[in-house]
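Asks: Pasting entry.cif here (mmCIF, C-alpha atoms):
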```
data_target
loop_
_atom_site.label_atom_id
_atom_site.label_comp_id
_atom_site.auth_asym_id
_atom_site.auth_seq_id
_atom_site.Cartn_x
_atom_site.Cartn_y
_atom_site.Cartn_z
CA MET A 1 62.81 240.03 -27.29
CA SER A 2 61.14 236.98 -25.80
CA ASN A 3 58.57 237.20 -23.03
CA PRO A 4 59.77 235.54 -19.79
CA THR A 5 56.42 233.77 -19.51
CA ASP A 6 57.17 231.99 -22.81
CA ASP A 7 59.60 229.75 -20.91
CA LEU A 8 57.48 226.78 -19.86
CA THR A 9 60.23 224.68 -18.34
CA PRO A 10 59.32 223.53 -14.81
CA GLU A 11 62.25 225.42 -13.32
CA ALA A 12 61.25 228.71 -14.96
CA ILE A 13 57.60 228.30 -13.97
CA LEU A 14 58.52 227.52 -10.36
CA ALA A 15 60.80 230.56 -10.25
CA ARG A 16 58.03 232.86 -11.51
CA ALA A 17 55.50 231.40 -9.08
CA THR A 18 57.87 231.74 -6.14
CA LYS A 19 58.65 235.34 -7.08
CA ALA A 20 54.95 236.16 -7.37
CA ARG A 21 53.90 234.60 -4.07
CA GLY A 22 57.08 234.88 -2.09
CA ASP A 23 57.02 231.13 -1.52
CA ILE A 24 55.50 227.98 -2.95
CA PHE A 25 53.95 224.92 -1.34
CA PRO A 26 56.01 221.79 -2.07
CA GLU A 27 52.96 219.79 -3.17
CA TRP A 28 52.80 221.94 -6.31
CA LYS A 29 56.24 220.80 -7.47
CA PRO A 30 55.15 217.34 -8.70
CA VAL A 31 52.28 219.05 -10.52
CA VAL A 32 54.52 221.53 -12.33
CA ARG A 33 57.01 218.83 -13.31
CA ALA A 34 54.27 216.58 -14.71
CA LEU A 35 51.99 219.29 -16.11
CA PRO A 36 54.05 222.45 -16.54
CA LYS A 37 51.57 224.37 -18.69
CA THR A 38 48.72 223.52 -16.33
CA TYR A 39 50.56 225.02 -13.38
CA HIS A 40 51.72 227.96 -15.48
CA LEU A 41 48.08 228.79 -16.20
CA VAL A 42 47.18 228.31 -12.53
CA ASN A 43 49.88 230.76 -11.50
CA GLU A 44 48.99 233.29 -14.19
CA THR A 45 45.34 233.24 -13.16
CA VAL A 46 45.75 233.26 -9.39
CA SER A 47 48.35 236.02 -9.58
CA TYR A 48 45.77 238.16 -11.37
CA LEU A 49 42.88 237.21 -9.09
CA HIS A 50 44.75 237.91 -5.85
CA GLN A 51 47.07 240.64 -7.11
CA TYR A 52 50.31 238.84 -6.31
CA HIS A 53 52.46 240.90 -8.66
CA GLY A 54 52.64 243.03 -11.75
CA GLN A 55 49.36 244.92 -11.28
CA ALA A 56 48.93 248.64 -10.79
CA ASP A 57 46.46 249.89 -8.22
CA ASP A 58 43.03 250.29 -9.78
CA ALA A 59 40.33 252.18 -7.89
CA GLU A 60 37.62 250.36 -9.83
CA ARG A 61 38.70 246.91 -8.59
CA LEU A 62 38.66 245.30 -5.19
CA SER A 63 41.84 245.90 -3.22
CA ALA A 64 44.24 243.13 -2.25
CA PRO A 65 43.17 243.29 1.44
CA MET A 66 39.50 242.91 0.48
CA ARG A 67 40.35 239.92 -1.69
CA GLU A 68 42.04 238.25 1.27
CA LEU A 69 38.95 238.85 3.42
CA ILE A 70 37.07 236.68 0.91
CA ALA A 71 39.76 234.09 0.21
CA ILE A 72 40.55 233.33 3.87
CA PRO A 73 37.05 232.21 4.95
CA ALA A 74 36.66 230.35 1.64
CA LEU A 75 39.75 228.28 2.48
CA ALA A 76 38.75 227.90 6.12
CA ALA A 77 35.24 226.74 5.20
CA LYS A 78 36.85 223.85 3.34
CA GLY A 79 38.85 222.95 6.44
CA ASP A 80 42.08 223.90 4.66
CA LEU A 81 44.33 224.65 7.60
CA ARG A 82 47.48 224.16 5.53
CA HIS A 83 46.95 227.00 3.07
CA ALA A 84 44.69 229.35 5.08
CA PRO A 85 47.45 230.34 7.56
CA ASN A 86 49.62 231.36 4.60
CA HIS A 87 46.85 233.73 3.52
CA ILE A 88 46.53 235.01 7.08
CA ARG A 89 50.22 235.94 7.00
CA ARG A 90 49.75 237.72 3.67
CA ALA A 91 46.78 239.57 5.17
CA TYR A 92 49.00 240.64 8.06
CA ARG A 93 51.62 241.91 5.62
CA LEU A 94 48.87 243.94 3.93
CA GLY A 95 48.01 245.49 7.28
CA LEU A 96 44.86 243.53 8.19
CA THR A 97 44.16 242.80 11.85
CA ASN A 98 42.45 239.73 13.30
CA LYS A 99 39.31 241.83 13.83
CA ALA A 100 39.16 242.68 10.12
CA ILE A 101 39.77 239.06 9.12
CA LEU A 102 37.05 237.78 11.44
CA GLU A 103 34.57 240.46 10.37
CA GLY A 104 34.95 239.25 6.81
CA ALA A 105 34.61 235.66 7.95
CA SER A 106 31.40 236.46 9.82
CA ALA A 107 29.75 237.59 6.56
CA TYR A 108 30.91 234.37 4.89
CA ALA A 109 29.57 232.41 7.87
CA ILE A 110 26.02 233.54 7.06
CA VAL A 111 26.18 231.11 4.12
CA VAL A 112 28.44 228.30 5.33
CA GLY A 113 27.70 228.29 9.07
CA TRP A 114 29.24 229.94 12.11
CA ALA A 115 31.34 226.87 12.80
CA SER A 116 33.52 228.18 9.96
CA LEU A 117 34.60 231.00 12.26
CA THR A 118 36.43 228.46 14.40
CA PHE A 119 38.42 227.30 11.37
CA VAL A 120 39.42 230.90 10.64
CA SER A 121 40.44 231.23 14.28
CA LEU A 122 42.50 228.04 14.02
CA ALA A 123 44.16 229.42 10.88
CA ILE A 124 45.02 232.60 12.80
CA MET A 125 46.53 230.52 15.60
CA GLU A 126 48.56 228.48 13.13
CA ALA A 127 49.74 231.61 11.28
CA ASN A 128 51.13 232.90 14.56
CA ASN A 129 52.82 229.58 15.32
CA PRO A 130 56.57 230.03 14.69
CA LEU A 131 56.74 226.42 13.51
CA TYR A 132 54.38 227.07 10.59
CA PRO A 133 56.81 227.28 7.64
CA TYR A 134 54.86 228.97 4.83
CA GLY A 135 54.81 232.71 4.27
CA GLN A 136 56.55 235.49 6.12
CA LEU A 137 55.09 236.59 9.45
CA PRO A 138 55.57 240.32 10.02
CA ASP A 139 57.79 241.39 12.88
CA GLY A 140 55.57 241.37 15.94
CA GLY A 141 52.95 239.11 14.34
CA GLU A 142 49.45 240.47 13.85
CA PRO A 143 49.38 244.20 13.10
CA LYS A 144 48.22 246.15 16.12
CA ASP A 145 46.80 248.93 13.97
CA LEU A 146 44.73 248.37 10.84
CA THR A 147 46.09 249.81 7.61
CA PRO A 148 43.11 251.48 5.87
CA PHE A 149 41.94 250.02 2.56
CA PRO A 150 39.36 251.45 0.12
CA GLU A 151 36.43 249.14 0.94
CA MET A 152 36.35 250.46 4.50
CA ARG A 153 34.75 253.62 3.12
CA LEU A 154 32.37 251.95 0.67
CA GLY A 155 28.88 250.51 0.99
CA ARG A 156 27.73 252.16 4.20
CA THR A 157 24.74 254.05 2.81
CA ARG A 158 21.83 252.58 0.87
CA GLN A 159 21.19 254.17 -2.51
CA ALA A 160 17.83 252.43 -2.84
CA LYS A 161 15.43 250.51 -0.63
CA ALA A 162 16.91 247.25 0.61
CA VAL A 163 15.39 244.59 2.81
CA GLU A 164 16.85 245.56 6.15
CA SER A 165 16.27 242.49 8.28
CA MET A 166 16.22 238.78 7.62
CA ALA A 167 12.95 238.70 9.55
CA GLU A 168 11.31 240.71 6.74
CA MET A 169 12.01 238.06 4.11
CA PRO A 170 8.99 235.98 3.04
CA GLU A 171 10.52 232.66 4.08
CA TRP A 172 11.30 233.92 7.55
CA ARG A 173 7.91 235.62 7.96
CA TYR A 174 6.49 232.17 7.27
CA ALA A 175 8.83 230.64 9.84
CA ALA A 176 7.78 233.26 12.39
CA GLN A 177 4.24 231.91 12.26
CA ILE A 178 5.65 228.60 13.51
CA ASP A 179 8.47 229.67 15.86
CA PRO A 180 8.86 233.43 16.27
CA GLU A 181 11.62 233.08 18.87
CA LEU A 182 13.76 231.06 16.45
CA VAL A 183 13.38 233.78 13.83
CA ARG A 184 14.19 236.52 16.34
CA ARG A 185 17.45 234.86 17.34
CA ALA A 186 18.53 233.79 13.85
CA ALA A 187 17.72 237.22 12.41
CA ALA A 188 19.74 238.93 15.13
CA PHE A 189 22.83 236.98 14.07
CA TYR A 190 22.20 237.43 10.34
CA ASP A 191 21.55 241.16 10.63
CA HIS A 192 24.58 241.69 12.86
CA CYS A 193 26.90 239.91 10.40
CA LEU A 194 25.54 241.40 7.16
CA LEU A 195 24.09 244.78 8.12
CA ALA A 196 26.94 245.76 10.47
CA ASP A 197 24.43 246.99 13.01
CA ASN A 198 26.98 249.20 14.79
CA GLN A 199 28.68 250.82 11.82
CA GLU A 200 30.67 253.24 13.96
CA GLU A 201 32.68 250.33 15.34
CA THR A 202 32.81 248.05 12.29
CA ILE A 203 35.56 247.88 9.72
CA LEU A 204 33.31 246.71 6.88
CA GLY A 205 29.98 248.26 5.99
CA PRO A 206 27.00 246.32 4.59
CA GLY A 207 28.05 246.68 0.93
CA PRO A 208 31.39 244.83 1.20
CA ARG A 209 29.76 242.24 3.46
CA GLU A 210 27.20 241.53 0.74
CA LEU A 211 30.08 240.92 -1.69
CA ILE A 212 31.49 238.30 0.69
CA ALA A 213 28.12 236.60 1.12
CA THR A 214 27.58 236.60 -2.64
CA ALA A 215 30.91 234.85 -3.24
CA ALA A 216 29.99 232.23 -0.64
CA LEU A 217 26.57 231.63 -2.22
CA CYS A 218 28.15 231.10 -5.63
CA THR A 219 30.40 228.37 -4.21
CA ARG A 220 27.20 226.56 -3.22
CA GLY A 221 25.50 227.02 -6.59
CA GLU A 222 22.77 229.20 -5.10
CA VAL A 223 21.99 231.35 -8.13
CA GLU A 224 18.59 232.58 -6.92
CA LEU A 225 19.86 233.62 -3.49
CA ALA A 226 23.00 235.11 -5.01
CA VAL A 227 20.79 237.37 -7.16
CA GLU A 228 19.15 238.77 -4.03
CA HIS A 229 22.49 239.53 -2.42
CA ILE A 230 23.95 241.02 -5.61
CA VAL A 231 20.97 243.39 -5.79
CA ARG A 232 21.55 244.31 -2.14
CA ALA A 233 25.22 244.96 -2.88
CA TYR A 234 24.17 247.29 -5.70
CA GLU A 235 21.75 249.03 -3.35
CA TYR A 236 24.72 249.89 -1.16
CA GLY A 237 26.66 251.29 -4.09
CA MET A 238 28.83 248.34 -5.06
CA THR A 239 29.57 248.06 -8.79
CA LYS A 240 29.40 245.15 -11.19
CA ARG A 241 33.20 245.04 -11.17
CA HIS A 242 33.20 244.74 -7.38
CA VAL A 243 30.75 241.84 -7.56
CA LEU A 244 32.69 240.02 -10.27
CA ASP A 245 35.98 240.50 -8.41
CA ALA A 246 34.44 239.12 -5.22
CA ILE A 247 33.09 236.04 -6.98
CA CYS A 248 36.42 235.37 -8.68
CA CYS A 249 38.32 235.50 -5.38
CA VAL A 250 37.06 231.99 -4.62
CA LEU A 251 37.95 230.40 -7.96
CA PRO A 252 41.18 228.79 -6.68
CA MET A 253 39.25 226.96 -3.96
CA THR A 254 36.03 226.15 -5.80
CA GLY A 255 36.64 226.21 -9.55
CA VAL A 256 35.90 228.27 -12.64
CA ILE A 257 32.31 226.99 -12.59
CA THR A 258 31.79 229.15 -9.49
CA ALA A 259 32.38 232.19 -11.68
CA GLN A 260 29.92 230.88 -14.24
CA ILE A 261 27.31 230.49 -11.49
CA GLY A 262 28.11 234.02 -10.31
CA LEU A 263 27.86 235.46 -13.81
CA ARG A 264 24.51 233.78 -14.26
CA ALA A 265 23.35 235.43 -11.04
CA MET A 266 24.73 238.81 -12.17
CA GLN A 267 22.82 238.56 -15.45
CA ARG A 268 19.62 237.80 -13.58
CA ALA A 269 20.31 240.71 -11.24
CA ASP A 270 20.54 242.95 -14.31
CA ASP A 271 17.09 241.77 -15.31
CA ALA A 272 15.82 242.36 -11.76
CA VAL A 273 17.02 245.96 -11.81
CA PRO A 274 15.82 247.43 -15.12
CA GLY A 275 17.08 250.82 -15.73
CA THR A 276 19.74 250.16 -13.80
CA TRP A 277 21.23 251.97 -10.88
CA ALA A 278 23.61 249.03 -10.57
CA LYS A 279 26.63 250.71 -12.13
CA SER A 280 29.38 249.07 -14.06
CA ALA A 281 32.90 250.13 -13.18
CA GLY A 282 33.63 253.36 -15.02
CA ASP A 283 29.98 254.47 -15.21
CA ASP A 284 29.18 258.00 -14.15
#
```
Is it possible to express this structure as structure tokens?
Replies:
Amino acid sequence: MSNPTDDLTPEAILARATKARGDIFPEWKPVVRALPKTYHLVNETVSYLHQYHGQADDAERLSAPMRELIAIPALAAKGDLRHAPNHIRRAYRLGLTNKAILEGASAYAIVVGWASLTFVSLAIMEANNPLYPYGQLPDGGEPKDLTPFPEMRLGRTRQAKAVESMAEMPEWRYAAQIDPELVRRAAAFYDHCLLADNQEETILGPGPRELIATAALCTRGEVELAVEHIVRAYEYGMTKRHVLDAICCVLPMTGVITAQIGLRAMQRADDAVPGTWAKSAGDD
């Protein structure tokens, strides 16, 4: 019996992609007609990365809602207000609220700038615009109540000593000798967005936020800084599988080389944590 994915005609590929996503952007149609296998491989990969279909729940991997909390600010940071609202609508269908989406975006903003939050906000506005044609908006729009997802419970307690404040980092101690008020204000924002300073009221703890920041750093090629944030993610109990999943969430927007940069950083993090209490998925 033949595998349905063996059919590489443009019509069959488009049908599979539409079934996986629920819709398809029309600009992909010229691509699939000219380069059917290229788009087939795009669809196969992105369906796996963002759990569009055909995947059983796996407690060792990042959940679909967590993946959207990384993908949305990655799109918004590129100014992509055509595709980001589609992801907002998918996030809504998964039970994410605007607060959850913007919390994730605030961790991404540590790397790409807080102006990116306005692009996420614009994507939210467009997703709630009835004239936006892509993706199904749930009845009533944004969920009023958040549907719990696994990462809400993870990464709230340090398992080893982590640098707690940006102000403690050597570069910023140096800056404090020049302008201590600048460091005080910048560190307040950084710590609020990454350390979740009021954990009783936050949806994401520091561990998942470090995953988001790590993904953002990899898109910028910042291997050295990514190592530091990967180690911090491990200190909050995140696994190697969590880190790899987070990095790969931004491949559609930034390329496979982003994953290579992230893997390089993960290897260096392994060297930085001999022993290692940075568990792989499935470790005891």
Asks: Just the residues within 10 Å of A:Tyr39, please, counting all atoms listed in the file, with nothing from its chain fewer than 3 positions along; format it as a JSON list (two decimals) with C-alpha atoms, in the coordinates of the input.
Replies:
```json
[["chain", "number", "residue", "atom", "x", "y", "z"],
["A", 8, "LEU", "CA", 57.48, 226.78, -19.86],
["A", 10, "PRO", "CA", 59.32, 223.53, -14.81],
["A", 13, "ILE", "CA", 57.60, 228.30, -13.97],
["A", 14, "LEU", "CA", 58.52, 227.52, -10.36],
["A", 17, "ALA", "CA", 55.50, 231.40, -9.08],
["A", 28, "TRP", "CA", 52.80, 221.94, -6.31],
["A", 29, "LYS", "CA", 56.24, 220.80, -7.47],
["A", 31, "VAL", "CA", 52.28, 219.05, -10.52],
["A", 32, "VAL", "CA", 54.52, 221.53, -12.33],
["A", 33, "ARG", "CA", 57.01, 218.83, -13.31],
["A", 34, "ALA", "CA", 54.27, 216.58, -14.71],
["A", 35, "LEU", "CA", 51.99, 219.29, -16.11],
["A", 36, "PRO", "CA", 54.05, 222.45, -16.54],
["A", 42, "VAL", "CA", 47.18, 228.31, -12.53],
["A", 43, "ASN", "CA", 49.88, 230.76, -11.50],
["A", 44, "GLU", "CA", 48.99, 233.29, -14.19],
["A", 45, "THR", "CA", 45.34, 233.24, -13.16]]
```
Asks: Show me, as CSV, the residues of stretch 101-123 of chain A having an atom within 8 Å of stretch 65-74 of chain A, each with the closest atom pair and its distance in Å, using all atoms listed in the file.
Replies:
```
residue,atom,partner,partner_atom,distance
A:Ile101,CA,A:Leu69,CA,5.8
A:Gly104,CA,A:Leu69,CA,5.3
A:Ala105,CA,A:Pro73,CA,5.2
A:Tyr108,CA,A:Pro73,CA,6.5
A:Ser116,CA,A:Pro73,CA,7.3
A:Leu117,CA,A:Pro73,CA,7.8
A:Val120,CA,A:Pro73,CA,6.3
```
Asks: Evaluate the PyMOL selection byres ((chain A and resi 135-144) around 12) here and jot the selected residues down as a PyMOL selection string.
Replies: chain A and resi 18+21-25+82-101+124-134+145-147
Asks: Which one is closest to A:His192: A:Ile178, A:Val243, A:Ala76, A:Ala109? Count only C-alpha atoms.
Replies: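 Using only C-alpha atoms, A:His192 sits closest to A:Ala109.
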Asks: Taking the file as shown, find all residues satisfying the PyMOL selection byres ((chain A and resi 263) around 12) and write them as number ranges by chain.
Replies: A: 214-215, 218, 221-224, 226-227, 230, 240-241, 243-248, 256-262, 264-270
Asks: What is the distance between atom CA of A:Val112 and atom CA of A:Leu251, in Å to one decimal?
Replies: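 Straight-line distance from atom CA of A:Val112 to atom CA of A:Leu251 works out to 16.5 Å.
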Asks: To one decimal place, how far is atom CA of A:Asp271 from atom CA of A:Glu164 in Å?
Replies: 21.8 Å
Asks: Ranking A:Pro206, A:Arg158, A:Lys78, A:Tyr190 by minimum distance to A:Phe119 and counting all atoms listed in the file, which one comes first?
Replies: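 Residue with the minimum atom-to-atom distance to A:Phe119: A:Lys78.
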Asks: Just to confirm, what's the straight-line distance from atom CA of A:Glu228 to atom CA of A:Gly255 in Å (one decimal)?
Replies: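 Interatomic distance, atom CA of A:Glu228 to atom CA of A:Gly255: 22.2 Å.
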Asks: When distances are computed from only C-alpha atoms, which of A:Arg209, A:Ser47, A:Ala160, A:Leu225 shows the smallest separation from A:Lys19?
Replies: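 Among A:Arg209, A:Ser47, A:Ala160, A:Leu225, it is A:Ser47 that comes nearest to A:Lys19.
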Asks: Rank A:Met238, A:Ala233, A:Leu182, A:Met152 by their smallest atom-to-atom distance to A:Glu201, using all atoms listed in the file, and report the top residue only.
Replies: A:Met152
Asks: Write stretch 22-40 of chain A as a CSV table (one decimal), in the coordinates of the input, completed to N, CA, C and O atoms.
Replies:
```csv
chain,number,residue,atom,x,y,z
A,22,GLY,N,56.1,234.8,-3.2
A,22,GLY,CA,57.1,234.9,-2.1
A,22,GLY,C,57.5,233.5,-1.6
A,22,GLY,O,58.5,233.4,-0.9
A,23,ASP,N,56.7,232.5,-1.9
A,23,ASP,CA,57.0,231.1,-1.5
A,23,ASP,C,56.2,230.2,-2.4
A,23,ASP,O,55.4,230.7,-3.2
A,24,ILE,N,56.3,228.9,-2.2
A,24,ILE,CA,55.5,228.0,-3.0
A,24,ILE,C,55.3,226.7,-2.1
A,24,ILE,O,56.3,226.3,-1.4
A,25,PHE,N,54.2,226.2,-2.1
A,25,PHE,CA,54.0,224.9,-1.3
A,25,PHE,C,54.6,223.8,-2.1
A,25,PHE,O,54.4,223.6,-3.3
A,26,PRO,N,55.3,222.9,-1.4
A,26,PRO,CA,56.0,221.8,-2.1
A,26,PRO,C,55.1,220.8,-2.8
A,26,PRO,O,55.6,220.2,-3.8
A,27,GLU,N,53.8,220.7,-2.5
A,27,GLU,CA,53.0,219.8,-3.2
A,27,GLU,C,52.7,220.2,-4.6
A,27,GLU,O,52.2,219.4,-5.4
A,28,TRP,N,53.0,221.5,-4.9
A,28,TRP,CA,52.8,221.9,-6.3
A,28,TRP,C,53.9,221.5,-7.2
A,28,TRP,O,53.8,221.4,-8.4
A,29,LYS,N,55.1,221.1,-6.6
A,29,LYS,CA,56.2,220.8,-7.5
A,29,LYS,C,56.0,219.5,-8.3
A,29,LYS,O,56.4,219.6,-9.5
A,30,PRO,N,55.4,218.5,-7.8
A,30,PRO,CA,55.2,217.3,-8.7
A,30,PRO,C,54.2,217.7,-9.8
A,30,PRO,O,54.3,217.2,-10.9
A,31,VAL,N,53.2,218.6,-9.5
A,31,VAL,CA,52.3,219.0,-10.5
A,31,VAL,C,53.0,219.8,-11.6
A,31,VAL,O,52.8,219.5,-12.8
A,32,VAL,N,53.9,220.7,-11.3
A,32,VAL,CA,54.5,221.5,-12.3
A,32,VAL,C,55.5,220.7,-13.2
A,32,VAL,O,55.7,220.9,-14.4
A,33,ARG,N,56.1,219.7,-12.5
A,33,ARG,CA,57.0,218.8,-13.3
A,33,ARG,C,56.3,217.9,-14.3
A,33,ARG,O,56.8,217.6,-15.3
A,34,ALA,N,55.1,217.5,-13.9
A,34,ALA,CA,54.3,216.6,-14.7
A,34,ALA,C,53.4,217.4,-15.7
A,34,ALA,O,53.3,216.9,-16.9
A,35,LEU,N,52.9,218.5,-15.3
A,35,LEU,CA,52.0,219.3,-16.1
A,35,LEU,C,52.4,220.8,-16.1
A,35,LEU,O,51.7,221.6,-15.5
A,36,PRO,N,53.5,221.1,-16.7
A,36,PRO,CA,54.0,222.4,-16.5
A,36,PRO,C,53.1,223.5,-17.0
A,36,PRO,O,52.9,224.6,-16.4
A,37,LYS,N,52.5,223.3,-18.2
A,37,LYS,CA,51.6,224.4,-18.7
A,37,LYS,C,50.3,224.5,-17.8
A,37,LYS,O,49.9,225.6,-17.6
A,38,THR,N,49.9,223.4,-17.2
A,38,THR,CA,48.7,223.5,-16.3
A,38,THR,C,49.0,224.4,-15.2
A,38,THR,O,48.3,225.3,-14.8
A,39,TYR,N,50.2,224.2,-14.5
A,39,TYR,CA,50.6,225.0,-13.4
A,39,TYR,C,50.9,226.4,-13.8
A,39,TYR,O,50.6,227.4,-13.1
A,40,HIS,N,51.5,226.6,-15.0
A,40,HIS,CA,51.7,228.0,-15.5
A,40,HIS,C,50.4,228.7,-15.6
A,40,HIS,O,50.3,229.9,-15.1
```
